[in-house]
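So this block is model.pdb, PDB, C-alpha atoms:
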```pdb
MODEL        1
ATOM      1  CA  MET A  26       0.000   0.000   0.000
ATOM      2  CA  GLU A  27       1.177   3.538  -0.757
ATOM      3  CA  ALA A  28       1.447   5.698   2.357
ATOM      4  CA  LEU A  29       1.988   8.902   0.395
ATOM      5  CA  CYS A  30       1.323   9.933  -3.205
ATOM      6  CA  LEU A  31       2.024  13.218  -4.972
ATOM      7  CA  PHE A  32       0.290  13.727  -8.316
ATOM      8  CA  HIS A  33       1.588  16.483 -10.641
ATOM      9  CA  VAL A  34       2.143  18.945  -7.794
ATOM     10  CA  THR A  35       3.155  22.492  -8.667
ATOM     11  CA  LYS A  36       4.032  25.316  -6.288
ATOM     12  CA  SER A  37       5.288  28.831  -6.978
ATOM     13  CA  PHE A  38       6.188  31.794  -4.805
ATOM     14  CA  GLY A  39       5.607  34.848  -6.927
ATOM     15  CA  ARG A  40       7.420  34.302 -10.210
ATOM     16  CA  LYS A  41       9.660  31.595  -8.783
ATOM     17  CA  LYS A  42       8.378  28.089  -9.537
ATOM     18  CA  VAL A  43       9.696  25.853  -6.752
ATOM     19  CA  LEU A  44       7.963  22.585  -7.685
ATOM     20  CA  GLN A  45       7.071  21.645 -11.249
ATOM     21  CA  ASP A  46       4.707  18.749 -11.974
ATOM     22  CA  LEU A  47       6.164  16.766  -9.053
ATOM     23  CA  SER A  48       4.981  13.148  -8.783
ATOM     24  CA  PHE A  49       6.220  10.289  -6.597
ATOM     25  CA  SER A  50       4.908   7.774  -4.070
ATOM     26  CA  VAL A  51       6.182   6.282  -0.820
ATOM     27  CA  PRO A  52       5.343   2.646   0.050
ATOM     28  CA  GLU A  53       4.080   1.814   3.526
ATOM     29  CA  HIS A  54       6.627   0.967   6.261
ATOM     30  CA  THR A  55       9.657   2.187   4.330
ATOM     31  CA  VAL A  56      12.267   4.865   4.929
ATOM     32  CA  PHE A  57      12.201   7.270   1.987
ATOM     33  CA  GLY A  58      15.160   9.615   1.543
ATOM     34  CA  PHE A  59      14.653  13.037  -0.015
ATOM     35  CA  ILE A  60      17.868  14.697  -1.198
ATOM     36  CA  GLY A  61      18.658  17.819  -3.195
ATOM     37  CA  LYS A  62      20.518  21.105  -3.194
ATOM     38  CA  ASN A  63      19.488  24.076  -1.094
ATOM     39  CA  GLY A  64      16.441  25.607  -2.760
ATOM     40  CA  ALA A  65      15.524  22.398  -4.590
ATOM     41  CA  GLY A  66      12.068  22.417  -2.971
ATOM     42  CA  LYS A  67      12.398  19.677  -0.331
ATOM     43  CA  THR A  68      11.040  21.724   2.579
ATOM     44  CA  THR A  69       8.287  23.180   0.395
ATOM     45  CA  ALA A  70       7.189  19.670  -0.613
ATOM     46  CA  MET A  71       7.138  18.551   3.024
ATOM     47  CA  ARG A  72       5.060  21.536   4.091
ATOM     48  CA  LEU A  73       2.613  20.824   1.301
ATOM     49  CA  ILE A  74       2.284  17.232   2.504
ATOM     50  CA  CYS A  75       1.620  18.439   6.047
ATOM     51  CA  GLY A  76      -1.001  20.909   4.825
ATOM     52  CA  LEU A  77       1.032  23.915   5.998
ATOM     53  CA  LEU A  78       1.088  25.210   2.416
ATOM     54  CA  LYS A  79      -1.413  24.832  -0.414
ATOM     55  CA  ALA A  80      -0.344  23.527  -3.816
ATOM     56  CA  ASP A  81      -1.075  25.630  -6.906
ATOM     57  CA  ALA A  82      -1.951  22.480  -8.848
ATOM     58  CA  GLY A  83      -1.992  18.710  -8.392
ATOM     59  CA  ASP A  84      -3.025  16.562  -5.455
ATOM     60  CA  ILE A  85      -1.385  14.923  -2.438
ATOM     61  CA  THR A  86      -2.846  11.896  -0.672
ATOM     62  CA  VAL A  87      -1.879  10.314   2.645
ATOM     63  CA  TYR A  88      -3.184   6.758   2.887
ATOM     64  CA  GLY A  89      -5.709   7.561   0.185
ATOM     65  CA  ASN A  90      -7.020  10.786   1.760
ATOM     66  CA  SER A  91      -6.506  14.104  -0.020
ATOM     67  CA  VAL A  92      -4.500  16.658   1.968
ATOM     68  CA  GLU A  93      -6.507  19.496   0.413
ATOM     69  CA  LYS A  94      -9.988  17.954   0.613
ATOM     70  CA  GLU A  95      -9.663  15.960   3.864
ATOM     71  CA  PRO A  96      -7.154  17.937   5.984
ATOM     72  CA  VAL A  97      -8.388  16.619   9.346
ATOM     73  CA  LYS A  98      -7.977  12.980   8.325
ATOM     74  CA  THR A  99      -4.536  13.511   6.835
ATOM     75  CA  SER A 100      -3.189  15.672   9.680
ATOM     76  CA  CYS A 101      -4.129  12.943  12.164
ATOM     77  CA  CYS A 102      -1.986  10.514  10.150
ATOM     78  CA  ILE A 103       1.139  12.704  10.063
ATOM     79  CA  GLY A 104       3.929  13.371  12.539
ATOM     80  CA  TYR A 105       6.237  16.261  11.622
ATOM     81  CA  LEU A 106       9.737  17.153  12.802
ATOM     82  CA  PRO A 107      10.964  20.506  11.400
ATOM     83  CA  ASP A 108      14.651  21.148  10.833
ATOM     84  CA  VAL A 109      14.849  23.302  13.985
ATOM     85  CA  PRO A 110      12.185  22.110  16.453
ATOM     86  CA  GLN A 111      11.047  24.582  19.111
ATOM     87  CA  PHE A 112      10.136  23.716  22.701
ATOM     88  CA  TYR A 113       9.111  25.289  25.997
ATOM     89  CA  ASP A 114      12.606  25.326  27.450
ATOM     90  CA  ASP A 115      11.547  25.497  31.103
ATOM     91  CA  MET A 116       9.719  22.170  30.838
ATOM     92  CA  THR A 117      11.151  18.701  31.283
ATOM     93  CA  PRO A 118      10.743  16.253  28.384
ATOM     94  CA  TYR A 119       7.983  14.454  30.300
ATOM     95  CA  GLU A 120       6.098  17.697  30.949
ATOM     96  CA  TYR A 121       6.412  18.810  27.336
ATOM     97  CA  LEU A 122       5.207  15.474  25.917
ATOM     98  CA  THR A 123       2.339  15.484  28.421
ATOM     99  CA  LEU A 124       1.240  18.876  27.125
ATOM    100  CA  CYS A 125       1.437  17.650  23.514
ATOM    101  CA  GLY A 126      -0.547  14.543  24.426
ATOM    102  CA  LYS A 127      -3.302  16.604  26.061
ATOM    103  CA  ILE A 128      -3.535  18.806  22.964
ATOM    104  CA  SER A 129      -3.881  15.613  20.893
ATOM    105  CA  ARG A 130      -6.550  14.361  23.356
ATOM    106  CA  ILE A 131      -4.702  11.156  24.161
ATOM    107  CA  PRO A 132      -6.279   9.518  27.271
ATOM    108  CA  LYS A 133      -4.066   9.956  30.360
ATOM    109  CA  PRO A 134      -3.386   6.237  31.097
ATOM    110  CA  VAL A 135      -2.438   5.688  27.460
ATOM    111  CA  LEU A 136      -0.415   8.920  27.356
ATOM    112  CA  ASP A 137       1.671   8.133  30.463
ATOM    113  CA  CYS A 138       2.595   4.733  29.091
ATOM    114  CA  ARG A 139       3.353   6.149  25.640
ATOM    115  CA  ILE A 140       5.616   8.902  27.002
ATOM    116  CA  THR A 141       7.599   6.446  29.102
ATOM    117  CA  GLN A 142       8.034   4.175  26.084
ATOM    118  CA  LEU A 143       9.121   6.961  23.745
ATOM    119  CA  LEU A 144      11.580   8.537  26.176
ATOM    120  CA  GLN A 145      13.182   5.149  26.526
ATOM    121  CA  GLU A 146      13.320   4.663  22.743
ATOM    122  CA  VAL A 147      14.976   8.044  22.141
ATOM    123  CA  GLN A 148      17.266   7.569  25.152
ATOM    124  CA  LEU A 149      16.112  10.561  27.210
ATOM    125  CA  ALA A 150      15.862  10.083  30.959
ATOM    126  CA  PRO A 151      12.422  11.018  32.440
ATOM    127  CA  GLY A 152      14.088  13.097  35.167
ATOM    128  CA  PRO A 153      13.951  16.748  36.280
ATOM    129  CA  HIS A 154      16.328  18.048  33.568
ATOM    130  CA  ARG A 155      14.978  21.079  31.711
ATOM    131  CA  ILE A 156      14.966  21.242  27.916
ATOM    132  CA  LYS A 157      16.940  24.525  27.936
ATOM    133  CA  GLY A 158      20.057  22.579  28.914
ATOM    134  CA  PHE A 159      19.739  20.062  26.082
ATOM    135  CA  SER A 160      22.231  19.678  23.241
ATOM    136  CA  ARG A 161      21.100  19.870  19.599
ATOM    137  CA  GLY A 162      21.071  16.087  19.391
ATOM    138  CA  MET A 163      18.962  15.711  22.523
ATOM    139  CA  LYS A 164      16.442  18.226  21.154
ATOM    140  CA  GLN A 165      16.257  16.317  17.882
ATOM    141  CA  ARG A 166      15.539  13.110  19.809
ATOM    142  CA  LEU A 167      12.844  14.849  21.822
ATOM    143  CA  GLY A 168      11.389  16.200  18.570
ATOM    144  CA  ILE A 169      11.143  12.681  17.183
ATOM    145  CA  ALA A 170       9.408  11.519  20.366
ATOM    146  CA  GLN A 171       6.902  14.378  20.066
ATOM    147  CA  ALA A 172       6.271  13.594  16.377
ATOM    148  CA  LEU A 173       5.660   9.916  17.174
ATOM    149  CA  LEU A 174       3.508  10.559  20.260
ATOM    150  CA  HIS A 175       0.120  10.100  18.560
ATOM    151  CA  ARG A 176       1.307   7.038  16.602
ATOM    152  CA  PRO A 177       1.280   8.652  13.138
ATOM    153  CA  LYS A 178       1.142   6.511  10.032
ATOM    154  CA  LEU A 179       3.561   8.877   8.285
ATOM    155  CA  LEU A 180       6.555  10.562   9.941
ATOM    156  CA  ILE A 181       8.093  13.522   8.089
ATOM    157  CA  CYS A 182      11.512  14.775   9.195
ATOM    158  CA  ASP A 183      13.148  17.839   7.651
ATOM    159  CA  GLU A 184      16.920  17.350   7.876
ATOM    160  CA  PRO A 185      16.858  15.620  11.288
ATOM    161  CA  THR A 186      20.627  15.031  11.331
ATOM    162  CA  SER A 187      21.763  18.518  10.295
ATOM    163  CA  ALA A 188      24.411  20.111  12.534
ATOM    164  CA  LEU A 189      24.875  16.884  14.508
ATOM    165  CA  ASP A 190      28.203  15.201  15.130
ATOM    166  CA  PRO A 191      28.718  11.604  13.875
ATOM    167  CA  ALA A 192      27.569  10.103  17.190
ATOM    168  CA  GLY A 193      24.428  12.243  17.209
ATOM    169  CA  ARG A 194      23.655  11.366  13.586
ATOM    170  CA  LYS A 195      23.996   7.666  14.333
ATOM    171  CA  GLU A 196      21.567   7.954  17.266
ATOM    172  CA  ILE A 197      18.928   9.698  15.134
ATOM    173  CA  LEU A 198      19.322   7.271  12.233
ATOM    174  CA  ASP A 199      19.027   4.276  14.555
ATOM    175  CA  ILE A 200      15.796   5.717  15.993
ATOM    176  CA  LEU A 201      14.340   6.339  12.529
ATOM    177  CA  SER A 202      15.338   2.916  11.285
ATOM    178  CA  SER A 203      13.649   1.299  14.278
ATOM    179  CA  ALA A 204      10.530   3.479  13.948
ATOM    180  CA  LYS A 205       9.658   2.165  10.486
ATOM    181  CA  LYS A 206       8.217  -0.943  12.147
ATOM    182  CA  GLU A 207       5.280   1.239  13.225
ATOM    183  CA  THR A 208       5.251   4.042  10.669
ATOM    184  CA  THR A 209       6.401   5.198   7.223
ATOM    185  CA  ILE A 210       9.245   7.723   7.208
ATOM    186  CA  LEU A 211      10.048  10.499   4.761
ATOM    187  CA  PHE A 212      13.137  12.515   5.611
ATOM    188  CA  SER A 213      15.314  15.028   3.833
ATOM    189  CA  THR A 214      19.024  15.407   4.345
ATOM    190  CA  HIS A 215      22.233  16.856   2.911
ATOM    191  CA  VAL A 216      24.292  14.052   4.470
ATOM    192  CA  LEU A 217      24.230  11.535   1.643
ATOM    193  CA  SER A 218      25.841   8.754   3.674
ATOM    194  CA  ASP A 219      22.756   8.863   5.936
ATOM    195  CA  VAL A 220      20.595   8.030   2.924
ATOM    196  CA  GLU A 221      22.844   5.135   1.947
ATOM    197  CA  ARG A 222      22.626   3.733   5.427
ATOM    198  CA  ILE A 223      18.898   3.484   6.177
ATOM    199  CA  CYS A 224      16.760   4.411   3.138
ATOM    200  CA  ASP A 225      14.749   1.807   1.236
ATOM    201  CA  GLN A 226      14.162   4.345  -1.549
ATOM    202  CA  THR A 227      15.858   7.625  -2.409
ATOM    203  CA  ALA A 228      14.608  10.498  -4.562
ATOM    204  CA  LEU A 229      16.759  13.369  -5.805
ATOM    205  CA  LEU A 230      14.841  16.617  -6.195
ATOM    206  CA  HIS A 231      16.407  18.929  -8.762
ATOM    207  CA  GLN A 232      14.905  22.088 -10.268
ATOM    208  CA  GLY A 233      11.500  21.294  -8.838
ATOM    209  CA  ASN A 234      11.212  17.723 -10.057
ATOM    210  CA  ILE A 235      12.563  14.222  -9.459
ATOM    211  CA  ALA A 236      15.945  13.753 -11.165
ATOM    212  CA  PHE A 237      16.116  10.115 -10.095
ATOM    213  CA  LEU A 238      14.255   7.746  -7.800
ATOM    214  CA  LYS A 239      16.110   4.562  -6.893
ATOM    215  CA  THR A 240      15.672   1.661  -4.508
ATOM    216  CA  ARG A 241      18.563   0.688  -2.257
ATOM    217  CA  GLU A 242      19.330  -2.244  -4.574
ATOM    218  CA  GLU A 243      19.327  -0.006  -7.646
ATOM    219  CA  LEU A 244      21.721   2.434  -5.979
ATOM    220  CA  ARG A 245      24.021  -0.421  -5.049
ATOM    221  CA  SER A 246      23.883  -1.662  -8.638
ATOM    222  CA  LEU A 247      24.896   1.774  -9.914
ATOM    223  CA  ARG A 248      27.772   1.892  -7.472
ATOM    224  CA  HIS A 249      29.135  -1.394  -8.812
ATOM    225  CA  ARG A 250      29.681   0.311 -12.180
ATOM    226  CA  GLY A 251      32.882   2.015 -11.140
ATOM    227  CA  ASP A 252      35.909   3.214 -13.083
ATOM    228  CA  VAL A 253      39.078   1.141 -13.147
ATOM    229  CA  GLU A 254      42.464   2.647 -12.349
ATOM    230  CA  ILE A 255      45.703   0.880 -13.323
ATOM    231  CA  CYS A 256      48.918   1.979 -11.617
ATOM    232  CA  PHE A 257      52.134   1.021 -13.410
ATOM    233  CA  ARG A 258      55.623   0.608 -12.022
ATOM    234  CA  THR A 259      57.300   2.715 -14.714
ATOM    235  CA  PRO A 260      56.177   5.524 -17.046
ATOM    236  CA  GLU A 261      57.446   3.454 -19.947
ATOM    237  CA  ASP A 262      55.005   0.620 -19.175
ATOM    238  CA  LEU A 263      52.174   3.134 -18.965
ATOM    239  CA  GLU A 264      53.072   4.602 -22.368
ATOM    240  CA  LYS A 265      53.199   1.152 -23.957
ATOM    241  CA  PHE A 266      49.798   0.193 -22.548
ATOM    242  CA  HIS A 267      48.242   3.501 -23.538
ATOM    243  CA  LYS A 268      49.250   2.859 -27.142
ATOM    244  CA  ILE A 269      47.669  -0.597 -26.953
ATOM    245  CA  VAL A 270      44.439   0.653 -25.280
ATOM    246  CA  PRO A 271      44.234   4.390 -26.086
ATOM    247  CA  GLU A 272      40.786   4.838 -24.437
ATOM    248  CA  GLY A 273      42.406   5.191 -21.026
ATOM    249  CA  GLN A 274      42.746   8.607 -19.408
ATOM    250  CA  ILE A 275      46.206   9.506 -18.122
ATOM    251  CA  CYS A 276      45.890  10.553 -14.475
ATOM    252  CA  SER A 277      49.580  10.745 -13.641
ATOM    253  CA  SER A 278      52.915   9.534 -14.978
ATOM    254  CA  LEU A 279      52.127   6.101 -13.528
ATOM    255  CA  SER A 280      48.336   5.704 -13.698
ATOM    256  CA  LEU A 281      45.604   5.272 -16.291
ATOM    257  CA  LYS A 282      41.861   5.415 -15.635
ATOM    258  CA  PHE A 283      39.151   3.714 -17.658
ATOM    259  CA  SER A 284      35.513   4.780 -17.293
ATOM    260  CA  HIS A 285      32.925   2.263 -16.150
ATOM    261  CA  ARG A 286      31.817   1.750 -19.772
ATOM    262  CA  GLN A 287      35.380   1.190 -20.973
ATOM    263  CA  SER A 288      36.196  -0.984 -17.968
ATOM    264  CA  ASN A 289      33.235  -3.339 -18.386
ATOM    265  CA  ASN A 290      35.623  -5.797 -19.997
ATOM    266  CA  ILE A 291      38.187  -5.715 -17.217
ATOM    267  CA  LEU A 292      39.343  -9.181 -18.228
ATOM    268  CA  PHE A 293      40.407  -7.729 -21.588
ATOM    269  CA  LEU A 294      42.539  -5.101 -19.829
ATOM    270  CA  MET A 295      44.188  -7.731 -17.645
ATOM    271  CA  ASP A 296      44.756  -9.988 -20.641
ATOM    272  CA  GLN A 297      46.539  -7.175 -22.482
ATOM    273  CA  LEU A 298      48.773  -6.509 -19.484
ATOM    274  CA  VAL A 299      49.812 -10.161 -19.309
ATOM    275  CA  ARG A 300      50.137 -10.528 -23.070
ATOM    276  CA  HIS A 301      52.580  -7.605 -23.284
ATOM    277  CA  GLN A 302      54.296  -8.420 -19.965
ATOM    278  CA  LEU A 303      53.709  -5.004 -18.414
ATOM    279  CA  SER A 304      54.295  -4.621 -14.678
ATOM    280  CA  VAL A 305      51.654  -2.928 -12.527
ATOM    281  CA  GLU A 306      51.484  -1.916  -8.883
ATOM    282  CA  LYS A 307      47.721  -2.352  -8.653
ATOM    283  CA  ILE A 308      44.425  -2.554 -10.529
ATOM    284  CA  GLU A 309      41.604  -0.931  -8.592
ATOM    285  CA  GLN A 310      37.896  -0.542  -9.280
ATOM    286  CA  ILE A 311      36.787   2.867  -7.995
ATOM    287  CA  LYS A 312      33.116   2.639  -7.087
ATOM    288  CA  PRO A 313      31.128   5.876  -7.374
ATOM    289  CA  SER A 314      29.796   7.293  -4.118
ATOM    290  CA  LEU A 315      26.279   8.611  -3.678
ATOM    291  CA  GLU A 316      27.858  12.068  -3.900
ATOM    292  CA  ASP A 317      29.102  11.174  -7.398
ATOM    293  CA  LEU A 318      25.609  10.056  -8.418
ATOM    294  CA  PHE A 319      24.183  13.274  -6.978
ATOM    295  CA  LEU A 320      26.610  15.455  -8.930
ATOM    296  CA  THR A 321      25.992  13.502 -12.119
ATOM    297  CA  ALA A 322      22.208  13.808 -11.844
ATOM    298  CA  THR A 323      22.471  17.562 -11.256
ATOM    299  CA  GLY A 324      24.808  18.020 -14.222
ATOM    300  CA  ASN A 325      28.023  18.739 -12.353
ATOM    301  CA  GLU A 326      30.038  15.643 -13.253
ATOM    302  CA  GLY A 327      30.473  13.061 -15.967
ATOM    303  CA  ASP A 328      27.981  10.377 -16.965
ATOM    304  CA  ILE A 329      27.549   7.751 -14.242
ATOM    305  CA  LEU A 330      23.806   7.110 -14.177
TER     306      LEU A 330
ENDMDL
END
```
Reformat the file's structure so that it appears as structure tokens.
Amino acid sequence: MEALCLFHVTKSFGRKKVLQDLSFSVPEHTVFGFIGKNGAGKTTAMRLICGLLKADAGDITVYGNSVEKEPVKTSCCIGYLPDVPQFYDDMTPYEYLTLCGKISRIPKPVLDCRITQLLQEVQLAPGPHRIKGFSRGMKQRLGIAQALLHRPKLLICDEPTSALDPAGRKEILDILSSAKKETTILFSTHVLSDVERICDQTALLHQGNIAFLKTREELRSLRHRGDVEICFRTPEDLEKFHKIVPEGQICSSLSLKFSHRQSNNILFLMDQLVRHQLSVEKIEQIKPSLEDLFLTATGNEGDIL
């Protein structure tokens, strides 16, 4: 079942068109990564999904309900964590979540149990510590707990790992990965390694539309199509091999690089080295990173996709 669907969504601010005929869907109980440059429209798309903005054209559905036509139904299904969550700093986490639960009209016995469970899951002690003394990572964890409090079917997180150190990022990603047992997760990020780690699907938003949408397996398949670099022991051996296979790109006086299309027949390259008795230090396949795929899709690098 599709938890979220966007159909030909368009949004402009004045003369600036931020989203152009945007369409994609998110399957239930998956982690969906949303990546793109600053200004690509990620936050705008998330606010449209939450009903905080209205689309100029198109439709958005959450579990089959239209965000525009059935806002009450869809808002009850969504938990939202903005990039910089705000709190009442003089409260403790327990007091703040209690207030949020009362606003959501969660019955007290259910609410008390839910708060205890969530504080344990996000590793925040239910003690007297005030939120004003929390680190950025602790506030992000509290924000996730607040967004999950009413058991939403769809959790939307806008750059939840931004400005966190590696330990803090790992904590947030572990929480999100665990949460997909109960909910579907859509999150945006600039940290592409985070996407590689936990996302079942990844979409790149570029110039208001989807530049690519790949499953984890498809991304891994792309990353297996890496260039091959051959490092020779002498410049003379490199020159001889370059005359035999002129498609290689000279990287230094001792190394040649073959693109993933040229290096598909790596056995041919190795056969030529043996046949002409040329000595090499190493033959290495250089797999493209997600950053490489990102730059290629946005037109900043060579053809990888």
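Using only C-alpha atoms for every distance, the candidate list A:Arg72, A:Arg40, A:Lys133, A:Lys94 yields A:Arg72 as the residue closest to Asp108 (chain A).
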- To verify the selection step, state as a PyMOL selection string which residues the PyMOL selection byres ((chain A and resi 175) around 12) yields on this input. chain A and resi 100-105+122-123+125-132+135-136+139-140+143+169-174+176-180+207-208
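Take the candidates A:Leu298, A:Ile156, A:Ala188, A:Leu229 and check each one against Asp115 (chain A) using only C-alpha atoms; the shortest distance goes to A:Ile156.
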Write out as a PDB file with C-alpha atoms, in the coordinates of the input each polymer residue whose atoms come within 9 Å of Leu29 (chain A), counting all atoms listed in the file; drop sequence neighbours fewer than 3 positions from it.
```pdb
ATOM      1  CA  PHE A  49       6.220  10.289  -6.597  1.00  0.00           C
ATOM      2  CA  SER A  50       4.908   7.774  -4.070  1.00  0.00           C
ATOM      3  CA  VAL A  51       6.182   6.282  -0.820  1.00  0.00           C
ATOM      4  CA  PRO A  52       5.343   2.646   0.050  1.00  0.00           C
ATOM      5  CA  GLU A  53       4.080   1.814   3.526  1.00  0.00           C
ATOM      6  CA  ILE A  74       2.284  17.232   2.504  1.00  0.00           C
ATOM      7  CA  ILE A  85      -1.385  14.923  -2.438  1.00  0.00           C
ATOM      8  CA  THR A  86      -2.846  11.896  -0.672  1.00  0.00           C
ATOM      9  CA  VAL A  87      -1.879  10.314   2.645  1.00  0.00           C
ATOM     10  CA  TYR A  88      -3.184   6.758   2.887  1.00  0.00           C
ATOM     11  CA  GLY A  89      -5.709   7.561   0.185  1.00  0.00           C
ATOM     12  CA  LEU A 179       3.561   8.877   8.285  1.00  0.00           C
ATOM     13  CA  THR A 209       6.401   5.198   7.223  1.00  0.00           C
TER      14      THR A 209
END
```
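Our summary of the geometry notes that CA of Lys206 (chain A) is positioned 15.8 Å from CA of Gln226 (chain A).
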- Using the chain letters and residue numbers of this document, give as a VMD selection string the residues selected by the PyMOL selection byres ((chain A and resi 32) around 6). chain A and resid 31 33 to 34 48 83 to 84
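For the choices A:Lys265, A:Thr69, A:Lys282, A:Lys312, the atom-to-atom distance to Gln297 (chain A) is smallest for A:Lys265 when using all atoms listed in the file.
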- Using the chain letters and numbers from the file, which residues does the PyMOL selection byres ((chain A and resi 220) around 10) grab, as number ranges by chain? A: 56-60, 198, 212-219, 221-228, 241, 315
Non-local contacts of Gly168 (chain A) (12 Å; all atoms listed in the file; under 5 positions in same chain excluded) as a PDB file with C-alpha atoms, keeping the file's coordinate frame:
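Just written: part_13.pdb:
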```
ATOM      1  CA  GLY A 104       3.929  13.371  12.539  1.00  0.00           C
ATOM      2  CA  TYR A 105       6.237  16.261  11.622  1.00  0.00           C
ATOM      3  CA  LEU A 106       9.737  17.153  12.802  1.00  0.00           C
ATOM      4  CA  PRO A 107      10.964  20.506  11.400  1.00  0.00           C
ATOM      5  CA  ASP A 108      14.651  21.148  10.833  1.00  0.00           C
ATOM      6  CA  VAL A 109      14.849  23.302  13.985  1.00  0.00           C
ATOM      7  CA  PRO A 110      12.185  22.110  16.453  1.00  0.00           C
ATOM      8  CA  GLN A 111      11.047  24.582  19.111  1.00  0.00           C
ATOM      9  CA  PHE A 112      10.136  23.716  22.701  1.00  0.00           C
ATOM     10  CA  TYR A 113       9.111  25.289  25.997  1.00  0.00           C
ATOM     11  CA  PRO A 118      10.743  16.253  28.384  1.00  0.00           C
ATOM     12  CA  TYR A 121       6.412  18.810  27.336  1.00  0.00           C
ATOM     13  CA  LEU A 122       5.207  15.474  25.917  1.00  0.00           C
ATOM     14  CA  CYS A 125       1.437  17.650  23.514  1.00  0.00           C
ATOM     15  CA  LEU A 143       9.121   6.961  23.745  1.00  0.00           C
ATOM     16  CA  LEU A 144      11.580   8.537  26.176  1.00  0.00           C
ATOM     17  CA  VAL A 147      14.976   8.044  22.141  1.00  0.00           C
ATOM     18  CA  LEU A 149      16.112  10.561  27.210  1.00  0.00           C
ATOM     19  CA  ILE A 156      14.966  21.242  27.916  1.00  0.00           C
ATOM     20  CA  PHE A 159      19.739  20.062  26.082  1.00  0.00           C
ATOM     21  CA  ARG A 161      21.100  19.870  19.599  1.00  0.00           C
ATOM     22  CA  GLY A 162      21.071  16.087  19.391  1.00  0.00           C
ATOM     23  CA  MET A 163      18.962  15.711  22.523  1.00  0.00           C
ATOM     24  CA  LEU A 173       5.660   9.916  17.174  1.00  0.00           C
ATOM     25  CA  LEU A 174       3.508  10.559  20.260  1.00  0.00           C
ATOM     26  CA  LEU A 180       6.555  10.562   9.941  1.00  0.00           C
ATOM     27  CA  ILE A 181       8.093  13.522   8.089  1.00  0.00           C
ATOM     28  CA  CYS A 182      11.512  14.775   9.195  1.00  0.00           C
ATOM     29  CA  ASP A 183      13.148  17.839   7.651  1.00  0.00           C
ATOM     30  CA  PRO A 185      16.858  15.620  11.288  1.00  0.00           C
ATOM     31  CA  THR A 186      20.627  15.031  11.331  1.00  0.00           C
ATOM     32  CA  ILE A 197      18.928   9.698  15.134  1.00  0.00           C
ATOM     33  CA  ILE A 200      15.796   5.717  15.993  1.00  0.00           C
ATOM     34  CA  LEU A 201      14.340   6.339  12.529  1.00  0.00           C
TER      35      LEU A 201
END
```
